[in-house]
$ cat query_19.txt   # compact mmCIF, C-alpha atoms and all ligand atoms
# COMPACT_ATOMS: atom_id res chain seq x y z
CA MET N 1 0.00 0.00 0.00
CA LYS N 2 1.29 3.43 -0.91
CA ILE N 3 1.14 6.01 1.87
CA SER N 4 1.02 9.62 0.70
CA ILE N 5 2.71 12.51 2.45
CA LEU N 6 -0.76 13.89 3.14
CA ASP N 7 -1.75 10.65 4.93
CA THR N 8 1.41 10.84 7.03
CA VAL N 9 0.71 14.46 7.98
CA LYS N 10 -2.92 13.58 8.81
CA TYR N 11 -1.71 10.69 11.02
CA ILE N 12 0.77 12.90 12.88
CA LEU N 13 -1.89 15.56 13.46
CA SER N 14 -4.29 12.93 14.80
CA LEU N 15 -1.86 11.90 17.57
CA PRO N 16 -2.83 13.15 21.03
CA LEU N 17 -0.74 16.18 21.97
CA ASP N 18 0.50 14.73 25.22
CA LYS N 19 1.53 11.33 23.85
CA VAL N 20 4.84 10.44 25.50
CA ASN N 21 7.01 7.37 25.46
CA LEU N 22 6.15 5.09 28.36
CA MET N 23 9.19 4.02 30.39
CA GLN N 24 9.05 1.31 33.01
CA ARG N 25 11.12 2.09 36.13
CA LYS N 26 11.95 -0.65 38.59
CA ILE N 27 11.62 0.42 42.23
CA VAL N 28 12.73 -1.25 45.45
CA MET N 29 11.30 0.21 48.66
CA ILE N 30 13.13 -0.11 51.98
CA GLY N 31 10.77 0.63 54.86
CA CYS N 32 7.02 0.22 54.60
CA GLY N 33 5.54 2.49 57.26
CA VAL N 34 3.34 5.55 56.95
CA VAL N 35 5.47 7.40 54.36
CA GLY N 36 6.10 4.33 52.18
CA GLN N 37 2.42 3.49 52.14
CA GLY N 38 1.57 7.13 51.37
CA PHE N 39 3.87 6.95 48.32
CA LEU N 40 2.31 3.68 47.12
CA GLU N 41 -1.17 5.18 47.50
CA ILE N 42 -0.14 8.08 45.25
CA LEU N 43 1.22 5.62 42.64
CA VAL N 44 -2.18 3.92 42.61
CA ASP N 45 -4.31 7.10 42.67
CA LYS N 46 -2.25 8.94 40.02
CA LYS N 47 -1.46 5.92 37.81
CA GLU N 48 -3.21 7.25 34.72
CA LEU N 49 -1.74 10.77 35.00
CA LEU N 50 1.76 9.44 35.64
CA SER N 51 1.72 7.34 32.51
CA ARG N 52 -0.16 9.73 30.19
CA LYS N 53 1.60 12.95 31.14
CA TYR N 54 5.02 11.79 32.26
CA GLY N 55 5.46 8.42 30.56
CA PHE N 56 6.20 6.90 33.95
CA GLU N 57 5.28 3.33 34.70
CA PRO N 58 6.39 2.03 38.11
CA LYS N 59 7.33 -1.61 38.57
CA LEU N 60 7.72 -2.36 42.28
CA VAL N 61 10.19 -5.26 42.38
CA GLY N 62 10.84 -5.49 46.13
CA VAL N 63 9.81 -4.20 49.56
CA SER N 64 11.66 -4.80 52.80
CA ASP N 65 10.71 -3.61 56.28
CA MET N 66 12.57 -4.40 59.51
CA LEU N 67 9.38 -5.24 61.40
CA LYS N 68 7.04 -6.46 58.68
CA GLY N 69 9.34 -8.65 56.57
CA SER N 70 10.19 -8.57 52.89
CA VAL N 71 9.17 -9.72 49.43
CA MET N 72 10.84 -9.59 46.02
CA VAL N 73 8.84 -10.17 42.84
CA PRO N 74 10.95 -9.85 39.67
CA ASP N 75 7.84 -9.44 37.48
CA GLY N 76 6.50 -6.67 39.71
CA ILE N 77 4.27 -6.47 42.76
CA ASP N 78 0.55 -5.77 42.28
CA ILE N 79 0.58 -2.47 44.24
CA PRO N 80 -3.15 -2.18 45.16
CA ALA N 81 -3.19 -5.82 46.34
CA PHE N 82 0.04 -5.27 48.31
CA LEU N 83 -1.36 -2.14 50.02
CA GLU N 84 -4.49 -4.00 51.01
CA HIS N 85 -2.36 -6.83 52.40
CA VAL N 86 -0.16 -4.50 54.49
CA LYS N 87 -3.08 -2.41 55.75
CA SER N 88 -4.83 -5.55 56.99
CA GLY N 89 -1.88 -5.97 59.38
CA LYS N 90 -0.41 -9.05 57.67
CA LYS N 91 3.36 -9.59 57.38
CA ILE N 92 4.99 -8.69 54.07
CA ASP N 93 6.54 -12.20 53.98
CA GLU N 94 3.01 -13.58 53.69
CA PHE N 95 2.27 -11.67 50.48
CA SER N 96 1.87 -14.21 47.73
CA ALA N 97 2.68 -13.62 44.07
CA PRO N 98 4.09 -15.84 41.31
CA GLY N 99 7.88 -16.02 41.70
CA ALA N 100 7.86 -14.21 45.06
CA ILE N 101 11.00 -14.54 47.22
CA THR N 102 10.51 -13.70 50.90
CA GLY N 103 12.54 -13.49 54.09
CA VAL N 104 15.54 -11.55 52.72
CA ASP N 105 16.84 -8.65 54.87
CA SER N 106 17.03 -5.05 53.66
CA ILE N 107 20.65 -5.17 52.43
CA GLY N 108 19.99 -8.51 50.69
CA THR N 109 16.88 -7.06 49.07
CA ILE N 110 18.89 -4.14 47.65
CA GLN N 111 21.64 -6.51 46.47
CA GLN N 112 19.31 -9.03 44.89
CA THR N 113 16.91 -6.71 43.06
CA ASP N 114 17.88 -5.05 39.81
CA ALA N 115 15.95 -1.87 40.60
CA ASP N 116 16.63 1.50 38.95
CA ILE N 117 15.48 3.43 42.01
CA MET N 118 15.59 2.75 45.75
CA VAL N 119 12.98 4.47 47.89
CA GLU N 120 14.47 4.74 51.41
CA VAL N 121 11.78 5.40 54.01
CA THR N 122 13.04 3.68 57.14
CA TYR N 123 12.91 5.52 60.49
CA THR N 124 15.19 8.50 61.11
CA ASP N 125 18.11 8.29 63.53
CA ILE N 126 20.05 11.55 63.40
CA LYS N 127 22.70 10.33 65.85
CA THR N 128 23.88 7.32 63.80
CA GLY N 129 22.11 7.76 60.44
CA GLU N 130 21.51 4.02 60.46
CA PRO N 131 20.23 1.75 59.08
CA ALA N 132 19.42 4.15 56.24
CA THR N 133 23.02 5.17 55.45
CA SER N 134 24.06 1.54 54.89
CA HIS N 135 21.06 1.07 52.60
CA MET N 136 22.07 4.11 50.59
CA ARG N 137 25.73 3.09 50.25
CA GLU N 138 24.63 -0.35 49.05
CA ALA N 139 22.20 1.09 46.49
CA LEU N 140 24.68 3.68 45.18
CA LYS N 141 27.39 1.00 44.80
CA LYS N 142 25.00 -0.70 42.38
CA GLY N 143 24.30 2.57 40.54
CA MET N 144 20.71 2.74 41.83
CA SER N 145 19.27 6.22 42.19
CA ILE N 146 17.73 7.12 45.54
CA ALA N 147 14.61 8.97 46.70
CA THR N 148 14.49 9.46 50.45
CA THR N 149 12.78 11.40 53.22
CA ASN N 150 15.23 10.12 55.83
CA LYS N 151 16.96 13.02 57.56
CA GLY N 152 19.68 10.88 59.21
CA PRO N 153 21.96 10.14 56.23
CA VAL N 154 21.52 13.60 54.70
CA THR N 155 22.34 15.28 58.04
CA LEU N 156 25.42 13.18 58.76
CA HIS N 157 26.82 11.96 55.43
CA PHE N 158 25.61 14.32 52.72
CA LYS N 159 29.00 14.98 51.08
CA GLU N 160 30.00 11.31 50.99
CA LEU N 161 26.65 10.16 49.57
CA HIS N 162 26.53 13.00 47.04
CA GLU N 163 30.02 12.12 45.77
CA MET N 164 29.22 8.43 45.71
CA ALA N 165 26.11 9.14 43.62
CA GLU N 166 28.17 11.14 41.11
CA GLN N 167 30.87 8.47 40.88
CA ASN N 168 28.26 5.77 40.25
CA ASN N 169 26.18 7.77 37.79
CA ALA N 170 23.19 7.68 40.10
CA GLN N 171 20.85 10.41 41.33
CA LEU N 172 20.33 11.23 45.01
CA LYS N 173 17.10 13.07 45.81
CA TYR N 174 15.82 14.12 49.25
CA GLU N 175 13.17 16.81 48.68
CA GLY N 176 11.17 15.80 51.77
CA VAL N 177 13.91 15.88 54.42
CA VAL N 178 13.35 19.48 55.46
CA MET N 179 9.71 20.42 54.80
CA SER N 180 8.11 17.14 53.72
CA GLY N 181 5.75 17.84 50.79
CA THR N 182 6.50 21.58 50.70
CA PRO N 183 9.22 21.92 48.05
CA ILE N 184 12.43 23.75 48.84
CA PHE N 185 15.29 22.03 46.99
CA ASP N 186 13.43 22.00 43.68
CA LEU N 187 12.44 25.62 44.36
CA LEU N 188 16.09 26.57 44.80
CA ASP N 189 17.38 24.40 41.95
CA TYR N 190 14.84 25.44 39.34
CA CYS N 191 12.88 28.57 40.24
CA LEU N 192 15.64 30.39 42.13
CA ALA N 193 18.62 29.06 40.16
CA VAL N 194 21.46 31.59 39.67
CA ASN N 195 20.54 33.31 42.96
CA ASP N 196 23.14 33.37 45.68
CA VAL N 197 21.60 32.30 49.01
CA LYS N 198 23.53 33.47 52.06
CA GLU N 199 21.00 33.14 54.86
CA ILE N 200 18.02 30.89 55.66
CA LYS N 201 15.67 31.22 58.60
CA GLY N 202 12.41 29.62 59.54
CA ILE N 203 10.09 27.38 61.50
CA LEU N 204 11.20 23.83 60.86
CA ASN N 205 9.27 21.74 63.35
CA GLY N 206 5.51 21.34 63.23
CA THR N 207 5.10 19.76 66.66
CA THR N 208 6.68 22.62 68.61
CA ASN N 209 4.98 25.30 66.51
CA PHE N 210 1.64 23.57 67.14
CA MET N 211 2.37 23.39 70.88
CA LEU N 212 3.38 27.06 71.17
CA THR N 213 0.23 28.07 69.27
CA LYS N 214 -2.00 26.01 71.60
CA MET N 215 -0.20 27.38 74.70
CA GLU N 216 -0.80 30.94 73.52
CA ASP N 217 -4.28 30.74 71.93
CA GLU N 218 -5.94 28.25 74.25
CA ASN N 219 -3.86 28.58 77.40
CA MET N 220 -3.15 24.88 77.02
CA ALA N 221 -0.54 23.37 79.36
CA TYR N 222 2.76 22.21 77.81
CA ASP N 223 2.11 18.50 78.50
CA ASP N 224 -1.42 18.63 77.10
CA ALA N 225 -0.24 20.40 73.96
CA LEU N 226 2.48 17.75 73.48
CA ALA N 227 0.00 14.90 74.02
CA LEU N 228 -2.33 16.44 71.43
CA ALA N 229 0.52 16.84 68.90
CA GLN N 230 1.41 13.17 69.40
CA LYS N 231 -2.22 12.14 69.00
CA LEU N 232 -2.47 14.07 65.75
CA GLY N 233 0.66 12.33 64.45
CA TYR N 234 2.92 15.38 64.17
CA ALA N 235 5.54 14.30 66.69
CA GLU N 236 8.50 11.98 66.04
CA ALA N 237 8.40 8.47 67.55
CA ASP N 238 10.44 9.93 70.43
CA PRO N 239 9.07 13.47 70.95
CA THR N 240 12.35 14.55 72.60
CA ALA N 241 13.61 15.03 69.05
CA ASP N 242 10.90 17.65 68.55
CA VAL N 243 10.75 19.50 71.89
CA GLU N 244 14.53 19.57 72.45
CA GLY N 245 15.14 20.87 68.94
CA PHE N 246 17.01 17.87 67.46
CA ASP N 247 14.58 17.51 64.55
CA ALA N 248 14.87 21.21 63.66
CA LEU N 249 18.65 20.98 64.18
CA ALA N 250 18.94 18.16 61.61
CA LYS N 251 17.08 20.34 59.10
CA VAL N 252 19.34 23.33 59.83
CA ILE N 253 22.44 21.15 59.30
CA ILE N 254 21.01 19.90 55.99
CA LEU N 255 20.27 23.45 54.80
CA SER N 256 23.77 24.59 55.88
CA ASN N 257 25.53 21.80 54.01
CA VAL N 258 23.31 21.35 50.96
CA VAL N 259 22.27 24.93 50.25
CA LEU N 260 25.04 27.06 51.77
CA GLY N 261 27.81 24.60 50.85
CA GLY N 262 29.03 24.08 54.42
CA ASN N 263 30.32 20.95 56.05
CA ILE N 264 29.05 21.11 59.62
CA GLY N 265 27.91 18.40 62.01
CA ILE N 266 25.27 18.29 64.75
CA ASP N 267 27.76 19.60 67.35
CA ASP N 268 28.57 22.70 65.33
CA ALA N 269 25.25 24.48 65.89
CA GLU N 270 23.64 25.89 69.00
CA ARG N 271 20.50 23.95 69.99
CA VAL N 272 17.86 24.96 72.54
CA GLY N 273 14.42 23.36 72.53
CA ILE N 274 11.11 24.58 73.95
CA SER N 275 10.98 22.39 77.07
CA GLY N 276 12.08 25.38 79.19
CA ILE N 277 9.21 27.56 77.96
CA THR N 278 6.23 27.79 80.25
CA ILE N 279 2.70 28.89 79.58
CA GLU N 280 3.50 31.99 81.69
CA ASP N 281 6.40 32.91 79.34
CA VAL N 282 4.12 32.56 76.33
CA GLN N 283 1.34 34.64 77.89
CA LYS N 284 3.78 37.32 79.09
CA ALA N 285 5.18 37.64 75.56
CA LYS N 286 1.62 37.92 74.22
CA ALA N 287 0.89 40.80 76.60
CA GLU N 288 4.03 42.53 75.21
CA GLY N 289 2.78 42.09 71.62
CA MET N 290 5.40 39.40 70.98
CA ARG N 291 5.23 35.68 70.13
CA TYR N 292 7.56 32.76 70.85
CA LYS N 293 8.68 30.66 67.88
CA LEU N 294 11.30 27.92 67.66
CA ILE N 295 13.53 29.41 64.99
CA GLY N 296 16.10 27.52 62.95
CA SER N 297 18.63 29.67 61.15
CA THR N 298 21.87 29.39 59.26
CA LYS N 299 24.04 31.92 57.49
CA LEU N 300 27.39 32.16 55.80
CA VAL N 301 29.65 34.82 57.33
CA ASP N 302 33.18 35.20 55.92
CA GLY N 303 33.09 31.65 54.63
CA LYS N 304 31.96 30.24 57.99
CA ILE N 305 28.54 28.78 58.79
CA ILE N 306 26.73 30.16 61.85
CA ALA N 307 23.74 27.96 62.63
CA SER N 308 21.30 27.61 65.51
CA VAL N 309 17.93 26.36 66.71
CA LYS N 310 16.40 28.29 69.61
CA PRO N 311 13.17 29.86 70.82
CA GLU N 312 12.91 33.51 69.85
CA LYS N 313 10.41 36.16 70.88
CA LEU N 314 9.30 37.79 67.63
CA PRO N 315 7.28 40.98 67.14
CA LEU N 316 3.87 40.21 65.66
CA SER N 317 4.90 42.16 62.55
CA ASP N 318 7.51 39.47 61.72
CA PRO N 319 6.10 37.21 58.94
CA LEU N 320 7.22 34.12 60.88
CA ALA N 321 5.13 35.24 63.89
CA GLY N 322 2.01 34.76 61.77
CA VAL N 323 2.73 31.09 61.06
CA GLY N 324 0.55 29.10 63.46
CA GLY N 325 -0.20 25.42 64.09
CA ALA N 326 1.77 22.52 62.62
CA ILE N 327 2.91 24.60 59.64
CA ASN N 328 6.55 25.07 58.63
CA ALA N 329 7.98 28.18 56.96
CA LEU N 330 11.35 29.12 55.50
CA THR N 331 12.73 32.42 54.28
CA PHE N 332 15.65 32.38 51.84
CA LYS N 333 17.65 35.60 51.57
CA THR N 334 18.68 35.72 47.93
CA ASP N 335 20.75 38.30 46.05
CA LEU N 336 18.55 38.55 42.96
CA SER N 337 15.01 37.74 44.13
CA GLY N 338 15.14 39.30 47.61
CA ASP N 339 13.55 37.45 50.51
CA ILE N 340 11.53 34.45 49.37
CA THR N 341 9.34 32.73 51.96
CA ILE N 342 7.58 29.42 51.47
CA LEU N 343 5.21 27.90 53.98
CA GLY N 344 3.26 24.70 54.07
CA SER N 345 2.82 21.41 55.76
CA GLY N 346 6.03 19.92 57.19
CA ALA N 347 4.66 16.44 57.91
CA GLY N 348 1.86 14.04 57.00
CA LYS N 349 1.42 10.71 55.25
CA ILE N 350 0.37 11.95 51.82
CA GLU N 351 2.50 15.12 51.94
CA THR N 352 5.66 13.13 52.71
CA GLY N 353 4.61 10.40 50.27
CA PHE N 354 4.38 13.19 47.69
CA ALA N 355 7.97 14.25 48.46
CA ILE N 356 9.07 10.73 47.48
CA MET N 357 6.80 10.83 44.43
CA ILE N 358 8.31 14.07 43.10
CA ASP N 359 11.85 12.75 43.66
CA VAL N 360 11.05 9.50 41.84
CA LEU N 361 9.43 11.42 39.00
CA ASN N 362 12.42 13.76 38.67
CA ILE N 363 14.79 10.78 38.68
CA HIS N 364 12.66 9.22 35.90
CA LYS N 365 12.78 12.45 33.87
CA GLU N 366 16.55 12.82 34.24
CA MET N 367 17.41 9.19 33.52
N1 LIG N 401 8.14 15.64 63.92
C1 LIG N 401 8.36 16.48 62.79
C2 LIG N 401 7.61 17.79 63.02
C3 LIG N 401 7.90 15.79 61.54
O1 LIG N 401 6.88 17.91 64.00
O2 LIG N 401 7.77 18.71 62.23
C4 LIG N 401 8.62 16.14 60.29
O3 LIG N 401 10.02 16.12 60.38

$ encode --input "query_19.txt" --output "structure tokens"
Amino acid sequence: MKISILDTVKYILSLPLDKVNLMQRKIVMIGCGVVGQGFLEILVDKKELLSRKYGFEPKLVGVSDMLKGSVMVPDGIDIPAFLEHVKSGKKIDEFSAPGAITGVDSIGTIQQTDADIMVEVTYTDIKTGEPATSHMREALKKGMSIATTNKGPVTLHFKELHEMAEQNNAQLKYEGVVMSGTPIFDLLDYCLAVNDVKEIKGILNGTTNFMLTKMEDENMAYDDALALAQKLGYAEADPTADVEGFDALAKVIILSNVVLGGNIGIDDAERVGISGITIEDVQKAKAEGMRYKLIGSTKLVDGKIIASVKPEKLPLSDPLAGVGGAINALTFKTDLSGDITILGSGAGKIETGFAIMIDVLNIHKEM
């Protein structure tokens, strides 16, 4: 059959505008708690959009969780069926699929799967960075790209992991480690590129901001406000990390090293939490037209990083004083765009799952 040029043109014009090549990306997920499940839910809910608009087709080839067990399925795990299985409280080892291999630990799962991307969503330990750092080293050795929301490795070993990723031709993405689903690294890398950022300041912990708001607005006692924050799921597994400022400190260290180019550790920044603040302090500040906030800040002065986390009494006219509840906010002082402030949720299952989603999608686009 002879095909005319006109037929060819007609065929091309009839193609949908957003037709993109579909690429299958193999994913291994280490950790299967709230964040991991949030990510899988997004993959299910946004399946059609991900394939039509971005040409992204996920193939989940393995999941390993320290408490729930593990499964590897070379032909891909049925994600909706897997989510239903996990949510019913059953062990991951009991998930059945043709060709499934179970009972392998997290390092073995990374070694034995031929995934393109590792999603690392195990619990955060900012004192040791483990077990997440070992997972990341193992994945990078194999040239797997990484999407993570785990603050531990990025706080303690950013330079090493970043270099390892470059040497192994892999991508390392961690959008969610500072403000969960509220983007800051992509904001800096894309929208604010070319700007020089010399100073960053903000509210980096939802639990303490929520507590201070309750203590001021509702005269709620410190312990009651903490109990409510835990009940609502804002607090870390050990709330000391929140109230003593360790969680905010980790985020300040990350911002210092990743954005300002420093190389500081957790002992190089001043850290004061809110456990010394009483309801009387909060109410007294209110009567003075001031408001307590746990402020994280870092700046570059003569090539040296000066970083801290501490409660500050701000005038109500300060934009950060207006940020109430479990919301996070960050102001970047830039040379070309002036002060840029972003605020949004700093925690949450779907928000943090989204942070993984955007990292995975960006890895897919840049592969
Ligand atoms: N516990 C943290 C907070 C969660 O309250 O902000 C996110 O790091």

$ residues_around --input "query_19.txt" --residues "Ala81 of chain N" --least-positions-apart "4" --cutoff "12 Å" --atoms "all atoms listed in the file" --output "MDAnalysis selection string"
chainID N and resid 40:41 44 76:77 85:88 92 95:97

$ closest_atom_pairs --input "query_19.txt" --of "chain N" --to "ligand LIG 401 (chain N)" --cutoff "10 Å" --atoms "only C-alpha atoms and all ligand atoms" --output "Markdown table"
| residue | atom | partner | partner_atom | distance |
| --- | --- | --- | --- | --- |
| N:Thr124 | CA | N:LIG401 | O3 | 9.2 |
| N:Thr149 | CA | N:LIG401 | O3 | 9.0 |
| N:Asn150 | CA | N:LIG401 | O3 | 9.2 |
| N:Lys151 | CA | N:LIG401 | O3 | 8.1 |
| N:Gly176 | CA | N:LIG401 | O3 | 8.7 |
| N:Val177 | CA | N:LIG401 | O3 | 7.1 |
| N:Val178 | CA | N:LIG401 | O3 | 6.8 |
| N:Met179 | CA | N:LIG401 | C4 | 7.0 |
| N:Ser180 | CA | N:LIG401 | C4 | 6.7 |
| N:Ile203 | CA | N:LIG401 | O2 | 9.0 |
| N:Leu204 | CA | N:LIG401 | O2 | 6.3 |
| N:Asn205 | CA | N:LIG401 | O2 | 3.6 |
| N:Gly206 | CA | N:LIG401 | O2 | 3.6 |
| N:Thr207 | CA | N:LIG401 | O1 | 3.7 |
| N:Thr208 | CA | N:LIG401 | O1 | 6.6 |
| N:Asn209 | CA | N:LIG401 | O1 | 8.0 |
| N:Phe210 | CA | N:LIG401 | O1 | 8.3 |
| N:Met211 | CA | N:LIG401 | O1 | 9.9 |
| N:Ala229 | CA | N:LIG401 | O1 | 8.1 |
| N:Gln230 | CA | N:LIG401 | N1 | 9.0 |
| N:Gly233 | CA | N:LIG401 | N1 | 8.2 |
| N:Tyr234 | CA | N:LIG401 | O1 | 4.7 |
| N:Ala235 | CA | N:LIG401 | N1 | 4.0 |
| N:Glu236 | CA | N:LIG401 | N1 | 4.2 |
| N:Ala237 | CA | N:LIG401 | N1 | 8.0 |
| N:Asp238 | CA | N:LIG401 | N1 | 9.0 |
| N:Pro239 | CA | N:LIG401 | N1 | 7.4 |
| N:Thr240 | CA | N:LIG401 | N1 | 9.7 |
| N:Ala241 | CA | N:LIG401 | N1 | 7.5 |
| N:Asp242 | CA | N:LIG401 | N1 | 5.8 |
| N:Val243 | CA | N:LIG401 | O1 | 8.9 |
| N:Phe246 | CA | N:LIG401 | N1 | 9.8 |
| N:Asp247 | CA | N:LIG401 | O3 | 6.3 |
| N:Ala248 | CA | N:LIG401 | O2 | 7.7 |
| N:Ala250 | CA | N:LIG401 | O3 | 9.2 |
| N:Lys251 | CA | N:LIG401 | O3 | 8.3 |
| N:Ala326 | CA | N:LIG401 | O1 | 7.0 |
| N:Ile327 | CA | N:LIG401 | O2 | 8.1 |
| N:Asn328 | CA | N:LIG401 | O2 | 7.4 |
| N:Ser345 | CA | N:LIG401 | O2 | 8.6 |
| N:Gly346 | CA | N:LIG401 | O2 | 5.5 |
| N:Ala347 | CA | N:LIG401 | C4 | 4.6 |
| N:Gly348 | CA | N:LIG401 | C3 | 7.8 |
| N:Thr352 | CA | N:LIG401 | C4 | 8.7 |

$ closest_residue --input "query_19.txt" --among "N:Thr102, N:Ser51, N:Asn257, N:Ser70" --to "Gln24 of chain N" --atoms "only C-alpha atoms"
N:Ser51

$ residues_near_point --input "query_19.txt" --point "(9.6, 24.3, 76.1)" --cutoff "10 Å" --atoms "all atoms listed in the file" --output "PyMOL selection string"
chain N and resi 208+211-212+222-223+243-245+272-279+281-282+294+311

$ residues_around --input "query_19.txt" --residues "segment 53-69 of chain N" --least-positions-apart "6" --cutoff "8 Å" --atoms "all atoms listed in the file" --output "ChimeraX atom specification"
/N:18-32,43,47,75-79,90-93,102-106,109,113,115,122,361,364-365

$ write_last_selection --input "query_19.txt" --atoms "C-alpha atoms" --output "PDB file, in the frame of the given file"
ATOM      1  CA  ASP N  18       0.500  14.730  25.220  1.00  0.00           C
ATOM      2  CA  LYS N  19       1.530  11.330  23.850  1.00  0.00           C
ATOM      3  CA  VAL N  20       4.840  10.440  25.500  1.00  0.00           C
ATOM      4  CA  ASN N  21       7.010   7.370  25.460  1.00  0.00           C
ATOM      5  CA  LEU N  22       6.150   5.090  28.360  1.00  0.00           C
ATOM      6  CA  MET N  23       9.190   4.020  30.390  1.00  0.00           C
ATOM      7  CA  GLN N  24       9.050   1.310  33.010  1.00  0.00           C
ATOM      8  CA  ARG N  25      11.120   2.090  36.130  1.00  0.00           C
ATOM      9  CA  LYS N  26      11.950  -0.650  38.590  1.00  0.00           C
ATOM     10  CA  ILE N  27      11.620   0.420  42.230  1.00  0.00           C
ATOM     11  CA  VAL N  28      12.730  -1.250  45.450  1.00  0.00           C
ATOM     12  CA  MET N  29      11.300   0.210  48.660  1.00  0.00           C
ATOM     13  CA  ILE N  30      13.130  -0.110  51.980  1.00  0.00           C
ATOM     14  CA  GLY N  31      10.770   0.630  54.860  1.00  0.00           C
ATOM     15  CA  CYS N  32       7.020   0.220  54.600  1.00  0.00           C
ATOM     16  CA  LEU N  43       1.220   5.620  42.640  1.00  0.00           C
ATOM     17  CA  LYS N  47      -1.460   5.920  37.810  1.00  0.00           C
ATOM     18  CA  ASP N  75       7.840  -9.440  37.480  1.00  0.00           C
ATOM     19  CA  GLY N  76       6.500  -6.670  39.710  1.00  0.00           C
ATOM     20  CA  ILE N  77       4.270  -6.470  42.760  1.00  0.00           C
ATOM     21  CA  ASP N  78       0.550  -5.770  42.280  1.00  0.00           C
ATOM     22  CA  ILE N  79       0.580  -2.470  44.240  1.00  0.00           C
ATOM     23  CA  LYS N  90      -0.410  -9.050  57.670  1.00  0.00           C
ATOM     24  CA  LYS N  91       3.360  -9.590  57.380  1.00  0.00           C
ATOM     25  CA  ILE N  92       4.990  -8.690  54.070  1.00  0.00           C
ATOM     26  CA  ASP N  93       6.540 -12.200  53.980  1.00  0.00           C
ATOM     27  CA  THR N 102      10.510 -13.700  50.900  1.00  0.00           C
ATOM     28  CA  GLY N 103      12.540 -13.490  54.090  1.00  0.00           C
ATOM     29  CA  VAL N 104      15.540 -11.550  52.720  1.00  0.00           C
ATOM     30  CA  ASP N 105      16.840  -8.650  54.870  1.00  0.00           C
ATOM     31  CA  SER N 106      17.030  -5.050  53.660  1.00  0.00           C
ATOM     32  CA  THR N 109      16.880  -7.060  49.070  1.00  0.00           C
ATOM     33  CA  THR N 113      16.910  -6.710  43.060  1.00  0.00           C
ATOM     34  CA  ALA N 115      15.950  -1.870  40.600  1.00  0.00           C
ATOM     35  CA  THR N 122      13.040   3.680  57.140  1.00  0.00           C
ATOM     36  CA  LEU N 361       9.430  11.420  39.000  1.00  0.00           C
ATOM     37  CA  HIS N 364      12.660   9.220  35.900  1.00  0.00           C
ATOM     38  CA  LYS N 365      12.780  12.450  33.870  1.00  0.00           C
TER      39      LYS N 365
END

$ atom_distance --input "query_19.txt" --atom1 "atom CA of Asn169 of chain N" --atom2 "atom CA of Met118 of chain N"
14.2 Å

$ axis_aligned_box --input "query_19.txt" --around "segment 81-99 of chain N" --padding-each-side "8 Å" --output "JSON"
{"center_x": 1.5, "center_y": -9.1, "center_z": 50.3, "size_x": 28.7, "size_y": 29.9, "size_z": 34.1}

$ atom_distance --input "query_19.txt" --atom1 "atom CA of Leu336 of chain N" --atom2 "atom CA of Ile200 of chain N"
14.8 Å
